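This is work-v8.cif. It holds mmCIF, C-alpha atoms and all ligand atoms.
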data_target
#
loop_
_atom_site.label_atom_id
_atom_site.label_comp_id
_atom_site.auth_asym_id
_atom_site.auth_seq_id
_atom_site.Cartn_x
_atom_site.Cartn_y
_atom_site.Cartn_z
CA MET J 1 0.00 0.00 0.00
CA SER J 2 1.49 3.38 -0.96
CA ALA J 3 1.91 6.18 1.58
CA VAL J 4 -0.64 8.99 1.93
CA PRO J 5 0.46 11.94 -0.22
CA PRO J 6 2.70 14.48 1.61
CA ALA J 7 1.07 17.43 3.31
CA THR J 8 0.16 20.06 0.76
CA LEU J 9 0.69 23.77 1.17
CA HIS J 10 -3.05 23.99 1.75
CA ALA J 11 -2.88 21.52 4.64
CA ARG J 12 0.04 23.38 6.19
CA LEU J 13 -1.87 26.66 5.94
CA VAL J 14 -4.91 25.14 7.64
CA ASP J 15 -2.70 23.74 10.40
CA ALA J 16 -1.24 27.21 10.96
CA LEU J 17 -4.65 28.88 11.45
CA PRO J 18 -5.31 29.90 15.07
CA ASP J 19 -8.08 28.02 16.91
CA LEU J 20 -10.14 31.20 17.22
CA LEU J 21 -10.32 31.59 13.45
CA ILE J 22 -11.25 27.92 13.04
CA ARG J 23 -14.07 28.46 15.56
CA LEU J 24 -15.35 31.37 13.50
CA PHE J 25 -15.29 29.26 10.32
CA ALA J 26 -17.13 26.49 12.14
CA ARG J 27 -19.93 28.70 13.43
CA PRO J 28 -22.48 28.04 10.69
CA TYR J 29 -21.98 24.27 10.94
CA VAL J 30 -22.05 23.70 14.70
CA ALA J 31 -25.20 23.94 16.83
CA GLY J 32 -23.26 25.45 19.73
CA GLU J 33 -21.90 24.40 23.05
CA GLY J 34 -23.47 21.66 25.14
CA LEU J 35 -26.11 19.01 24.51
CA GLU J 36 -28.94 21.50 25.04
CA SER J 37 -27.79 23.52 22.01
CA GLY J 38 -27.90 20.39 19.84
CA LEU J 39 -31.35 19.43 21.13
CA ASN J 40 -32.60 22.95 20.62
CA VAL J 41 -31.50 23.02 16.97
CA ALA J 42 -33.02 19.55 16.42
CA ARG J 43 -36.34 20.68 17.92
CA ARG J 44 -36.47 23.89 15.86
CA LEU J 45 -35.59 22.12 12.61
CA LEU J 46 -38.34 19.59 13.17
CA GLU J 47 -40.99 22.04 14.25
CA GLY J 48 -40.04 24.84 11.83
CA ALA J 49 -39.11 22.92 8.71
CA GLY J 50 -40.14 19.26 9.10
CA ILE J 51 -36.48 18.21 9.01
CA VAL J 52 -35.17 15.42 11.23
CA THR J 53 -31.62 15.26 12.55
CA THR J 54 -28.73 13.13 13.63
CA LEU J 55 -26.81 14.61 16.57
CA ASP J 56 -23.06 14.34 16.80
CA LEU J 57 -20.66 15.24 19.60
CA LEU J 58 -17.51 16.79 18.16
CA ALA J 59 -14.98 14.58 19.87
CA GLU J 60 -11.87 13.84 17.88
CA GLU J 61 -8.20 13.61 18.82
CA VAL J 62 -8.79 12.05 22.23
CA LYS J 63 -5.56 12.43 24.15
CA ASP J 64 -6.31 10.93 27.56
CA ALA J 65 -8.50 8.19 29.02
CA SER J 66 -10.59 10.61 31.06
CA ARG J 67 -11.64 12.42 27.87
CA ALA J 68 -12.68 9.12 26.31
CA GLN J 69 -14.81 8.43 29.42
CA GLU J 70 -16.33 11.91 29.27
CA ASN J 71 -17.28 11.35 25.62
CA LEU J 72 -18.98 8.07 26.56
CA ALA J 73 -20.85 9.82 29.38
CA THR J 74 -21.99 12.58 26.99
CA TYR J 75 -23.32 10.02 24.49
CA LEU J 76 -25.29 8.32 27.26
CA GLU J 77 -26.71 11.72 28.19
CA MET J 78 -27.54 12.31 24.52
CA VAL J 79 -29.51 9.05 24.36
CA ARG J 80 -31.51 10.08 27.44
CA GLY J 81 -31.91 13.67 26.26
CA VAL J 82 -33.30 12.62 22.87
CA ALA J 83 -35.59 9.98 24.37
CA GLY J 84 -36.88 12.36 27.07
CA GLU J 85 -37.79 15.24 24.73
CA THR J 86 -41.53 15.39 24.07
CA ALA J 87 -41.06 17.05 20.65
CA PHE J 88 -39.50 13.77 19.50
CA CYS J 89 -42.14 11.39 20.86
CA SER J 90 -42.73 9.80 17.45
CA PRO J 91 -39.84 7.42 16.63
CA ARG J 92 -39.73 8.74 13.05
CA ASP J 93 -39.16 12.31 14.27
CA ARG J 94 -36.58 11.37 16.89
CA PRO J 95 -32.98 12.38 16.19
CA THR J 96 -30.55 9.52 15.69
CA LEU J 97 -27.04 9.76 17.16
CA SER J 98 -23.89 9.65 15.04
CA LEU J 99 -20.63 8.69 16.69
CA LYS J 100 -17.02 8.17 15.75
CA PRO J 101 -15.20 5.14 17.20
CA SER J 102 -12.04 7.21 17.73
CA SER J 103 -13.93 9.37 20.27
CA PHE J 104 -13.69 6.57 22.83
CA THR J 105 -10.04 5.56 22.68
CA THR J 106 -6.58 7.02 23.11
CA ARG J 107 -5.29 4.31 20.76
CA ALA J 108 -6.91 5.23 17.44
CA LEU J 109 -6.33 2.83 14.55
CA ASP J 110 -5.25 5.66 12.25
CA LYS J 111 -2.50 6.48 14.77
CA GLY J 112 -1.27 2.88 14.77
CA GLY J 113 -3.24 1.89 17.91
CA ASP J 114 -5.62 -1.01 18.60
CA ALA J 115 -8.83 0.98 19.32
CA ARG J 116 -8.89 -0.32 22.89
CA GLY J 117 -12.09 0.76 24.63
CA SER J 118 -14.00 1.87 21.52
CA ARG J 119 -15.99 -1.32 21.02
CA GLU J 120 -17.01 -1.52 24.69
CA ALA J 121 -18.07 2.15 24.68
CA ILE J 122 -20.18 1.73 21.54
CA GLU J 123 -21.80 -1.41 22.97
CA THR J 124 -22.63 0.44 26.20
CA ILE J 125 -24.25 3.26 24.22
CA ALA J 126 -26.10 0.76 22.01
CA VAL J 127 -27.61 -1.00 25.04
CA GLU J 128 -28.92 2.28 26.48
CA ALA J 129 -30.09 3.42 23.03
CA ARG J 130 -32.05 0.20 22.51
CA ARG J 131 -33.62 0.51 25.97
CA LEU J 132 -34.87 4.01 25.11
CA GLY J 133 -35.62 3.57 21.39
CA VAL J 134 -32.84 5.70 19.90
CA ALA J 135 -31.06 4.72 16.67
CA LEU J 136 -27.27 4.97 16.23
CA THR J 137 -25.02 5.44 13.23
CA ILE J 138 -21.33 4.64 13.48
CA ASP J 139 -19.56 7.19 11.27
CA MET J 140 -16.81 5.92 9.00
CA GLU J 141 -13.32 7.27 9.60
CA ASP J 142 -10.34 6.67 7.32
CA HIS J 143 -9.54 3.32 5.66
CA THR J 144 -7.69 2.01 8.73
CA TRP J 145 -11.10 1.87 10.46
CA THR J 146 -13.19 0.32 7.68
CA ASP J 147 -12.99 -3.36 8.67
CA TRP J 148 -13.26 -2.61 12.36
CA THR J 149 -16.32 -0.38 11.92
CA LEU J 150 -18.13 -2.73 9.55
CA GLU J 151 -17.51 -5.64 11.90
CA VAL J 152 -18.78 -3.81 15.02
CA ALA J 153 -21.79 -2.27 13.27
CA THR J 154 -22.99 -5.40 11.48
CA ALA J 155 -22.51 -7.54 14.62
CA LEU J 156 -24.67 -5.14 16.66
CA PHE J 157 -27.29 -4.96 13.90
CA LYS J 158 -27.49 -8.75 13.71
CA LYS J 159 -28.06 -8.86 17.49
CA GLY J 160 -31.14 -6.66 17.01
CA PHE J 161 -29.71 -3.20 17.79
CA ASP J 162 -30.83 -0.29 15.59
CA VAL J 163 -27.28 0.47 14.46
CA GLY J 164 -26.25 1.63 11.00
CA THR J 165 -22.96 2.71 9.53
CA VAL J 166 -21.36 4.42 6.54
CA LEU J 167 -19.74 3.32 3.27
CA GLN J 168 -17.46 5.55 1.21
CA SER J 169 -17.73 5.27 -2.58
CA ARG J 170 -14.18 6.58 -3.10
CA LEU J 171 -12.68 3.38 -1.62
CA HIS J 172 -12.25 0.56 -4.14
CA ARG J 173 -12.99 -2.01 -1.42
CA THR J 174 -16.55 -0.71 -1.02
CA ALA J 175 -17.60 -2.76 -4.08
CA GLN J 176 -16.93 -5.90 -2.01
CA ASP J 177 -18.10 -4.44 1.31
CA LEU J 178 -21.63 -3.98 -0.06
CA ALA J 179 -22.07 -7.74 0.19
CA ARG J 180 -21.36 -7.64 3.96
CA ILE J 181 -24.38 -5.45 4.66
CA PRO J 182 -27.40 -7.38 5.95
CA GLU J 183 -30.86 -6.73 4.54
CA GLY J 184 -32.74 -4.03 6.45
CA MET J 185 -29.65 -2.34 7.90
CA ARG J 186 -29.26 1.45 7.55
CA ILE J 187 -26.27 2.53 5.45
CA ARG J 188 -25.26 6.13 4.91
CA MET J 189 -23.61 6.37 1.48
CA VAL J 190 -20.99 9.12 1.05
CA ILE J 191 -18.08 9.83 -1.26
CA GLY J 192 -15.82 9.96 1.83
CA ILE J 193 -14.11 12.94 3.46
CA TYR J 194 -10.67 11.41 4.06
CA LEU J 195 -7.89 11.85 1.52
CA GLU J 196 -6.91 8.28 0.72
CA PRO J 197 -3.94 6.95 -1.30
CA PRO J 198 -4.69 6.52 -5.03
CA SER J 199 -3.76 2.82 -4.72
CA ILE J 200 -6.94 2.17 -2.72
CA ALA J 201 -9.30 4.96 -3.73
CA LEU J 202 -10.62 7.16 -6.50
CA THR J 203 -9.18 10.66 -6.50
CA GLU J 204 -11.67 12.52 -8.72
CA LYS J 205 -15.01 13.67 -7.31
CA PRO J 206 -17.10 13.10 -10.47
CA ALA J 207 -16.06 9.42 -10.54
CA MET J 208 -16.78 9.08 -6.81
CA LYS J 209 -20.25 10.51 -7.36
CA GLU J 210 -21.07 8.19 -10.28
CA ARG J 211 -20.02 5.27 -8.13
CA LEU J 212 -22.02 6.66 -5.21
CA LEU J 213 -25.21 6.55 -7.26
CA GLU J 214 -24.48 3.03 -8.56
CA GLN J 215 -23.76 1.72 -5.06
CA CYS J 216 -26.90 3.32 -3.62
CA ALA J 217 -28.92 1.43 -6.26
CA GLN J 218 -27.13 -1.84 -5.49
CA LEU J 219 -27.83 -1.51 -1.77
CA LEU J 220 -31.49 -0.64 -2.32
CA ASP J 221 -31.84 -3.71 -4.56
CA ARG J 222 -30.43 -5.82 -1.72
CA GLY J 223 -33.08 -4.51 0.70
CA VAL J 224 -30.80 -2.10 2.60
CA TYR J 225 -32.13 1.24 3.93
CA VAL J 226 -30.05 3.86 2.09
CA GLU J 227 -29.16 7.28 3.49
CA LEU J 228 -27.73 9.33 0.62
CA ALA J 229 -25.48 12.00 2.19
CA SER J 230 -24.44 14.62 -0.35
CA HIS J 231 -24.74 18.37 -0.87
CA ASP J 232 -24.48 18.00 -4.61
CA ASP J 233 -27.82 19.15 -5.98
CA ALA J 234 -27.40 17.11 -9.18
CA VAL J 235 -26.51 13.93 -7.26
CA VAL J 236 -29.55 14.25 -4.98
CA ARG J 237 -31.91 14.93 -7.88
CA ARG J 238 -30.47 12.08 -9.97
CA PHE J 239 -30.84 9.72 -7.00
CA LEU J 240 -34.52 10.62 -6.66
CA ARG J 241 -35.21 10.59 -10.41
CA GLU J 242 -33.08 7.67 -11.63
CA THR J 243 -32.97 5.37 -8.60
CA ILE J 244 -36.00 5.96 -6.40
CA THR J 245 -38.77 6.79 -8.86
CA PRO J 246 -38.24 3.84 -11.25
CA ARG J 247 -38.21 1.45 -8.29
CA GLY J 248 -41.34 3.00 -6.82
CA LEU J 249 -39.73 3.17 -3.37
CA GLY J 250 -41.31 4.95 -0.41
CA GLY J 251 -39.69 6.88 2.42
CA GLU J 252 -39.44 3.76 4.57
CA ARG J 253 -36.55 2.65 2.34
CA TYR J 254 -34.31 5.72 2.07
CA GLU J 255 -33.52 9.25 3.17
CA ILE J 256 -31.42 12.26 2.12
CA GLN J 257 -28.82 13.62 4.54
CA MET J 258 -26.81 16.84 4.62
CA LEU J 259 -24.69 18.75 7.11
CA TYR J 260 -26.40 21.43 9.16
CA GLY J 261 -25.39 24.87 7.91
CA VAL J 262 -24.49 23.98 4.33
CA PRO J 263 -26.69 26.32 2.30
CA ARG J 264 -29.03 23.78 0.75
CA ALA J 265 -32.28 24.69 2.50
CA PRO J 266 -34.45 25.35 -0.59
CA LEU J 267 -33.61 21.90 -2.01
CA LEU J 268 -34.25 20.16 1.30
CA VAL J 269 -37.49 21.93 1.96
CA ALA J 270 -38.68 21.28 -1.60
CA ILE J 271 -38.06 17.56 -1.02
CA THR J 272 -39.93 17.46 2.28
CA GLY J 273 -42.78 19.64 1.10
CA GLY J 274 -41.96 21.95 4.00
CA THR J 275 -45.13 21.53 5.93
CA LEU J 276 -45.46 18.22 7.71
CA THR J 277 -43.20 16.33 10.04
CA PRO J 278 -41.88 12.97 8.82
CA ALA J 279 -44.22 11.20 11.22
CA GLN J 280 -47.22 12.65 9.39
CA ARG J 281 -46.01 12.52 5.81
CA ALA J 282 -45.24 9.57 3.58
CA ALA J 283 -41.73 10.38 2.38
CA PRO J 284 -38.90 11.05 1.92
CA PRO J 285 -37.25 12.09 5.17
CA VAL J 286 -34.50 14.65 5.08
CA ARG J 287 -32.02 14.47 7.92
CA LEU J 288 -29.45 17.06 8.91
CA TYR J 289 -26.25 16.10 10.68
CA VAL J 290 -26.03 18.49 13.63
CA PRO J 291 -22.73 18.59 15.52
CA PHE J 292 -22.32 20.29 18.87
CA ALA J 293 -19.31 20.77 21.11
CA THR J 294 -18.59 20.24 24.76
CA ALA J 295 -14.88 20.99 24.48
CA TRP J 296 -13.67 23.38 21.83
CA ASP J 297 -10.25 21.77 21.43
CA GLN J 298 -12.05 18.65 20.16
CA ALA J 299 -14.42 20.69 18.01
CA THR J 300 -11.65 22.67 16.35
CA ALA J 301 -9.83 19.40 15.59
CA TYR J 302 -12.91 18.25 13.63
CA CYS J 303 -13.25 21.54 11.74
CA ARG J 304 -9.54 21.73 11.01
CA ARG J 305 -9.62 18.21 9.55
CA ARG J 306 -12.60 19.00 7.32
CA LEU J 307 -10.81 22.11 6.02
CA ARG J 308 -7.55 20.21 5.58
CA ASN J 309 -9.11 17.32 3.67
CA ASN J 310 -11.33 19.41 1.46
CA PRO J 311 -9.50 22.36 -0.16
CA GLY J 312 -12.74 23.51 -1.86
CA MET J 313 -14.37 23.88 1.53
CA ALA J 314 -12.40 27.04 2.35
CA THR J 315 -14.34 28.77 -0.45
CA TYR J 316 -17.73 27.40 0.72
CA VAL J 317 -16.95 28.45 4.28
CA ALA J 318 -15.92 31.94 3.21
CA LEU J 319 -19.13 32.35 1.16
CA ASN J 320 -21.19 31.08 4.06
CA LEU J 321 -19.53 33.56 6.43
CA LEU J 322 -20.16 36.36 3.96
CA GLN J 323 -23.86 35.48 3.92
CA MET J 324 -23.82 35.53 7.71
CA LEU J 325 -22.21 39.00 7.76
CA ARG J 326 -24.86 40.21 5.28
CA GLY J 327 -27.48 39.14 7.81
CA ARG J 328 -28.59 35.98 6.02
CA SER J 329 -28.09 33.40 8.70
CA PRO J 330 -26.98 30.06 7.32
CA GLY J 331 -28.06 28.46 10.62
CA ILE J 332 -31.62 27.47 11.48
CA ALA J 333 -33.04 30.59 9.84
CA GLN J 334 -32.18 29.41 6.31
CA TYR J 335 -34.48 26.38 6.74
CA GLU J 336 -37.30 28.40 8.28
CA THR J 337 -37.01 30.98 5.50
CA ALA J 338 -37.13 28.26 2.83
CA VAL J 339 -40.32 26.85 4.37
CA ARG J 340 -41.95 30.30 4.41
CA ARG J 341 -40.92 30.83 0.79
CA LEU J 342 -42.39 27.50 -0.22
CA ARG J 343 -45.64 28.52 1.39
CA GLY J 344 -45.43 31.77 -0.58
CA GLY J 345 -45.15 34.10 2.38
CA ALA J 346 -41.49 35.12 2.68
CA SER J 347 -39.98 38.37 1.63
CA ASN J 348 -36.39 37.46 2.58
C1 LIG J 401 -24.77 13.82 6.75
C2 LIG J 401 -23.37 13.53 6.33
C3 LIG J 401 -22.62 12.60 7.01
C4 LIG J 401 -21.33 12.25 6.58
N1 LIG J 401 -20.63 11.26 7.22
C5 LIG J 401 -19.41 10.91 6.75
C6 LIG J 401 -18.71 9.80 7.32
O1 LIG J 401 -19.15 9.14 8.27
N2 LIG J 401 -17.48 9.51 6.79
C7 LIG J 401 -16.93 10.21 5.74
O2 LIG J 401 -15.84 9.86 5.28
N3 LIG J 401 -17.59 11.25 5.20
C8 LIG J 401 -18.80 11.62 5.67
N4 LIG J 401 -19.45 12.69 5.11
C9 LIG J 401 -18.73 13.56 4.14
C10 LIG J 401 -18.88 13.07 2.72
O3 LIG J 401 -18.14 11.90 2.57
C11 LIG J 401 -18.36 14.12 1.72
O4 LIG J 401 -17.02 14.37 1.96
C12 LIG J 401 -19.09 15.44 1.75
O5 LIG J 401 -20.46 15.28 1.86
C13 LIG J 401 -18.77 16.21 0.45
O6 LIG J 401 -19.26 15.53 -0.70
P1 LIG J 401 -20.58 16.00 -1.49
O7 LIG J 401 -21.20 14.78 -2.09
O8 LIG J 401 -21.43 16.81 -0.59
O9 LIG J 401 -20.04 16.84 -2.71
P2 LIG J 401 -19.20 18.23 -2.81
O10 LIG J 401 -18.79 18.26 -4.23
O11 LIG J 401 -18.11 18.29 -1.78
O12 LIG J 401 -20.26 19.33 -2.46
C14 LIG J 401 -21.28 19.70 -3.38
C15 LIG J 401 -21.56 21.18 -3.22
O13 LIG J 401 -22.09 21.47 -1.93
C16 LIG J 401 -21.62 22.74 -1.46
N5 LIG J 401 -20.91 22.54 -0.19
C17 LIG J 401 -20.32 21.40 0.22
N6 LIG J 401 -19.80 21.57 1.45
C18 LIG J 401 -20.06 22.85 1.82
C19 LIG J 401 -19.79 23.64 2.98
N7 LIG J 401 -19.13 23.14 4.02
N8 LIG J 401 -20.24 24.93 3.02
C20 LIG J 401 -20.92 25.45 1.98
N9 LIG J 401 -21.22 24.75 0.85
C21 LIG J 401 -20.78 23.49 0.77
C22 LIG J 401 -20.73 23.30 -2.56
O14 LIG J 401 -21.49 24.15 -3.36
C23 LIG J 401 -20.33 22.06 -3.33
O15 LIG J 401 -20.00 22.35 -4.66
C24 LIG J 401 -20.74 12.99 5.50
C25 LIG J 401 -21.50 13.95 4.81
C26 LIG J 401 -22.80 14.22 5.21
C27 LIG J 401 -23.57 15.23 4.44
#
Any chance you could give the structure as structure tokens?
Ligand SMILES: Cc1cc2nc3c(=O)[nH]c(=O)nc-3n(C[C@H](O)[C@H](O)[C@H](O)COP(=O)(O)OP(=O)(O)OC[C@H]3O[C@@H](n4cnc5c(N)ncnc54)[C@H](O)[C@@H]3O)c2cc1C
Amino acid sequence: MSAVPPATLHARLVDALPDLLIRLFARPYVAGEGLESGLNVARRLLEGAGIVTTLDLLAEEVKDASRAQENLATYLEMVRGVAGETAFCSPRDRPTLSLKPSSFTTRALDKGGDARGSREAIETIAVEARRLGVALTIDMEDHTWTDWTLEVATALFKKGFDVGTVLQSRLHRTAQDLARIPEGMRIRMVIGIYLEPPSIALTEKPAMKERLLEQCAQLLDRGVYVELASHDDAVVRRFLRETITPRGLGGERYEIQMLYGVPRAPLLVAITGGTLTPAQRAAPPVRLYVPFATAWDQATAYCRRRLRNNPGMATYVALNLLQMLRGRSPGIAQYETAVRRLRGGASN
């Protein structure tokens, strides 16, 4: 296997940015500080725009065991917080939780470790989540985690836990991994955020996106619940037009996912119809990935990585910030505005 390409000038620039600047860049994409901020955004998105969510604790680069324990404790609190919130009493409206295995270990696989503690932490969260009726998704980290994550997620699913995971179309191995996914499991399909060596992955986005659409269709044909996660308008529309419509599939078989704060509200609201909650309407659900922070050093690590791995993102972030400075909030307001527009009432 060839080595990951050397750090680019772009990556070095991102690494040199002060944390405060990274926090400013992250503002449109992060619900805020503390679980309550995440729950609040989830509640408002559901009630204001009929959009469901998956909540994520920003918890990367765990350096000591106590931090790993704190992250576990926060996830258990998240399970109870989501289950205890009356706005989410219908299971279809209830936020799911997304988690990264590296949040629970000081020995991350991508750092050459053995992931000690991660499996036990995820199992503990899964037990509590099943008790309270909350679904989990294990995010996919870089290729060093692929086998580990697929093994843990499919084992839990086969034991009856509502646990899904993620496949990345850029990795060549995904063509074989599709066959490991049991019928009925939830799989989020993405192109993948991690820069991977060309020996094991595609390097061009258009090819990744073609493969993404093909692999979504293959999973649907195998009876898997597909969560298409992409901000590419054309990809989302092609998925609906070329994959879903000809198969006559309903919203119990798939959903569209995007990151909170990426300016895609009109598309999302057009898909949902903008009036009813998923519990009331047939389909298809749109789910936003809503991260929140408890410790900003962990949150800035996440944002720095996203900027480092995606050179184009610096432009999106800058445009988003510009919108914010011009008074057009890319946060919750963009979704509420899109709903009002759809109903024909908005002036903004
Ligand atoms: C809900 C969700 C969960 C994910 N989970 C994982 C995971 O577990 N593992 C993993 O490897 N990857 C994950 N990803 C990331 C994914 O793999 C892609 O890297 C990411 O979605 C970019 O690909 P894209 O299909 O959106 O296309 P792009 O070509 O990157 O984006 C399409 C367009 O969207 C707009 N856009 C995109 N990002 C921004 C932004 N930040 N601000 C403003 N505009 C923007 C731009 O106009 C861009 O041209 C996830 C993505 C989503 C949406």
| Within 10 Å of file point (-11.4, 12.0, 2.4), counting all atoms listed in the file, expressed as an MDAnalysis selection string | chainID J and resid 141:143 168 170:171 191:197 201 203 305:306 308:310
| Between J:Lys159, J:Arg253, J:Arg116, J:His172, which has the minimum distance to Gly223 (chain J) (counting all atoms listed in the file)? |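 Using all atoms listed in the file, the shortest distance to Gly223 (chain J) belongs to J:Arg253.
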| query | With distances taken over only C-alpha atoms and all ligand atoms, which of J:Gly112, J:Pro285, J:Pro28, J:Gly160 is nearest to ligand LIG 401 (chain J)? | reply |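 The closest residue to ligand LIG 401 (chain J) is J:Pro28.
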| From the set J:Val290, J:Val190, J:Leu268, J:Val339, which residue has the shortest atom-to-atom contact distance to ligand LIG 401 (chain J), counting all atoms listed in the file? | J:Val190
| message | When you look at region 64-76 of chain J with a cut-off of 10 Å (counting all atoms listed in the file), what residues show up, excluding the ones that are within fewer than 4 positions of it in the same chain? I need them as a PyMOL selection string. | response | chain J and resi 34-35+55-60+80-81+97-99+102-107+117-118+120-122+124-129+294-295+298
What does the file look like for those residues with C-alpha atoms, as a PDB file, in the coordinates of the input?
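File selection.pdb, as written:
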ATOM      1  CA  GLY J  34     -23.470  21.660  25.140  1.00  0.00           C
ATOM      2  CA  LEU J  35     -26.110  19.010  24.510  1.00  0.00           C
ATOM      3  CA  LEU J  55     -26.810  14.610  16.570  1.00  0.00           C
ATOM      4  CA  ASP J  56     -23.060  14.340  16.800  1.00  0.00           C
ATOM      5  CA  LEU J  57     -20.660  15.240  19.600  1.00  0.00           C
ATOM      6  CA  LEU J  58     -17.510  16.790  18.160  1.00  0.00           C
ATOM      7  CA  ALA J  59     -14.980  14.580  19.870  1.00  0.00           C
ATOM      8  CA  GLU J  60     -11.870  13.840  17.880  1.00  0.00           C
ATOM      9  CA  ARG J  80     -31.510  10.080  27.440  1.00  0.00           C
ATOM     10  CA  GLY J  81     -31.910  13.670  26.260  1.00  0.00           C
ATOM     11  CA  LEU J  97     -27.040   9.760  17.160  1.00  0.00           C
ATOM     12  CA  SER J  98     -23.890   9.650  15.040  1.00  0.00           C
ATOM     13  CA  LEU J  99     -20.630   8.690  16.690  1.00  0.00           C
ATOM     14  CA  SER J 102     -12.040   7.210  17.730  1.00  0.00           C
ATOM     15  CA  SER J 103     -13.930   9.370  20.270  1.00  0.00           C
ATOM     16  CA  PHE J 104     -13.690   6.570  22.830  1.00  0.00           C
ATOM     17  CA  THR J 105     -10.040   5.560  22.680  1.00  0.00           C
ATOM     18  CA  THR J 106      -6.580   7.020  23.110  1.00  0.00           C
ATOM     19  CA  ARG J 107      -5.290   4.310  20.760  1.00  0.00           C
ATOM     20  CA  GLY J 117     -12.090   0.760  24.630  1.00  0.00           C
ATOM     21  CA  SER J 118     -14.000   1.870  21.520  1.00  0.00           C
ATOM     22  CA  GLU J 120     -17.010  -1.520  24.690  1.00  0.00           C
ATOM     23  CA  ALA J 121     -18.070   2.150  24.680  1.00  0.00           C
ATOM     24  CA  ILE J 122     -20.180   1.730  21.540  1.00  0.00           C
ATOM     25  CA  THR J 124     -22.630   0.440  26.200  1.00  0.00           C
ATOM     26  CA  ILE J 125     -24.250   3.260  24.220  1.00  0.00           C
ATOM     27  CA  ALA J 126     -26.100   0.760  22.010  1.00  0.00           C
ATOM     28  CA  VAL J 127     -27.610  -1.000  25.040  1.00  0.00           C
ATOM     29  CA  GLU J 128     -28.920   2.280  26.480  1.00  0.00           C
ATOM     30  CA  ALA J 129     -30.090   3.420  23.030  1.00  0.00           C
ATOM     31  CA  THR J 294     -18.590  20.240  24.760  1.00  0.00           C
ATOM     32  CA  ALA J 295     -14.880  20.990  24.480  1.00  0.00           C
ATOM     33  CA  GLN J 298     -12.050  18.650  20.160  1.00  0.00           C
TER      34      GLN J 298
END
| field | Neighbour list for Leu228 (chain J) as a ChimeraX atom specification, cut-off 8 Å, all atoms listed in the file, skip fewer than 2 positions in-chain | value | /J:188-190,216,226,230,236,254-257
| message | Please identify all protein, DNA and RNA residues within 8 Å of ligand LIG 401 (chain J), counting only C-alpha atoms and all ligand atoms, and report them as number ranges by chain. | response | J: 29, 54, 100, 138-142, 165-168, 188-194, 205, 209, 229-233, 235, 257-259, 261-264, 287-289, 310, 312-317, 319-320
| request: May I ask for the distance between CA of Tyr302 (chain J) and CA of Arg211 (chain J), given in Å to one decimal place? | output: 26.3 Å
| request: Go ahead and compute the interatomic distance for CA of Val134 (chain J) and CA of Val79 (chain J), in Å to one decimal. | output: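 Pair CA of Val134 (chain J) / CA of Val79 (chain J) returns 6.5 Å.
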| message | Just to confirm, what's the straight-line distance from CA of Leu150 (chain J) to CA of Met78 (chain J) in Å (one decimal)? | response | 23.2 Å
| message | Is it possible to get the residues within 10 Å of (-41.4, 2.3, 22.0) (coordinates as in the file, counting only C-alpha atoms) written as a list of chain:residue names? | response |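 Residues close enough to count: J:Ala83, J:Cys89, J:Ser90, J:Pro91, J:Arg130, J:Arg131, J:Leu132, J:Gly133, J:Val134.
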| task | Give the answer as one residue: which of J:Ala155, J:Thr337, J:Ala135, J:Glu61 has the shortest atom-to-atom distance to Asp110 (chain J), using only C-alpha atoms? | result |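 Answer, going by the shortest atom-to-atom distance: J:Glu61.
Considering the residues J:Ala11, J:Met185, J:Ala87, J:Leu212 and counting only C-alpha atoms, Gly50 (chain J) has its shortest atom-to-atom contact with J:Ala87.
Ranking J:Ser37, J:Gln334, J:Thr86, J:Gln218 by their shortest atom-to-atom distance to Ile187 (chain J), with all atoms listed in the file included, puts J:Gln218 first.
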| task | Please provide the set of residues having any atom within 8 Å of Cys303 (chain J), restricted to all atoms listed in the file, with same-chain residues fewer than 6 positions apart removed, written as a ChimeraX atom specification. | result | /J:22-23,26
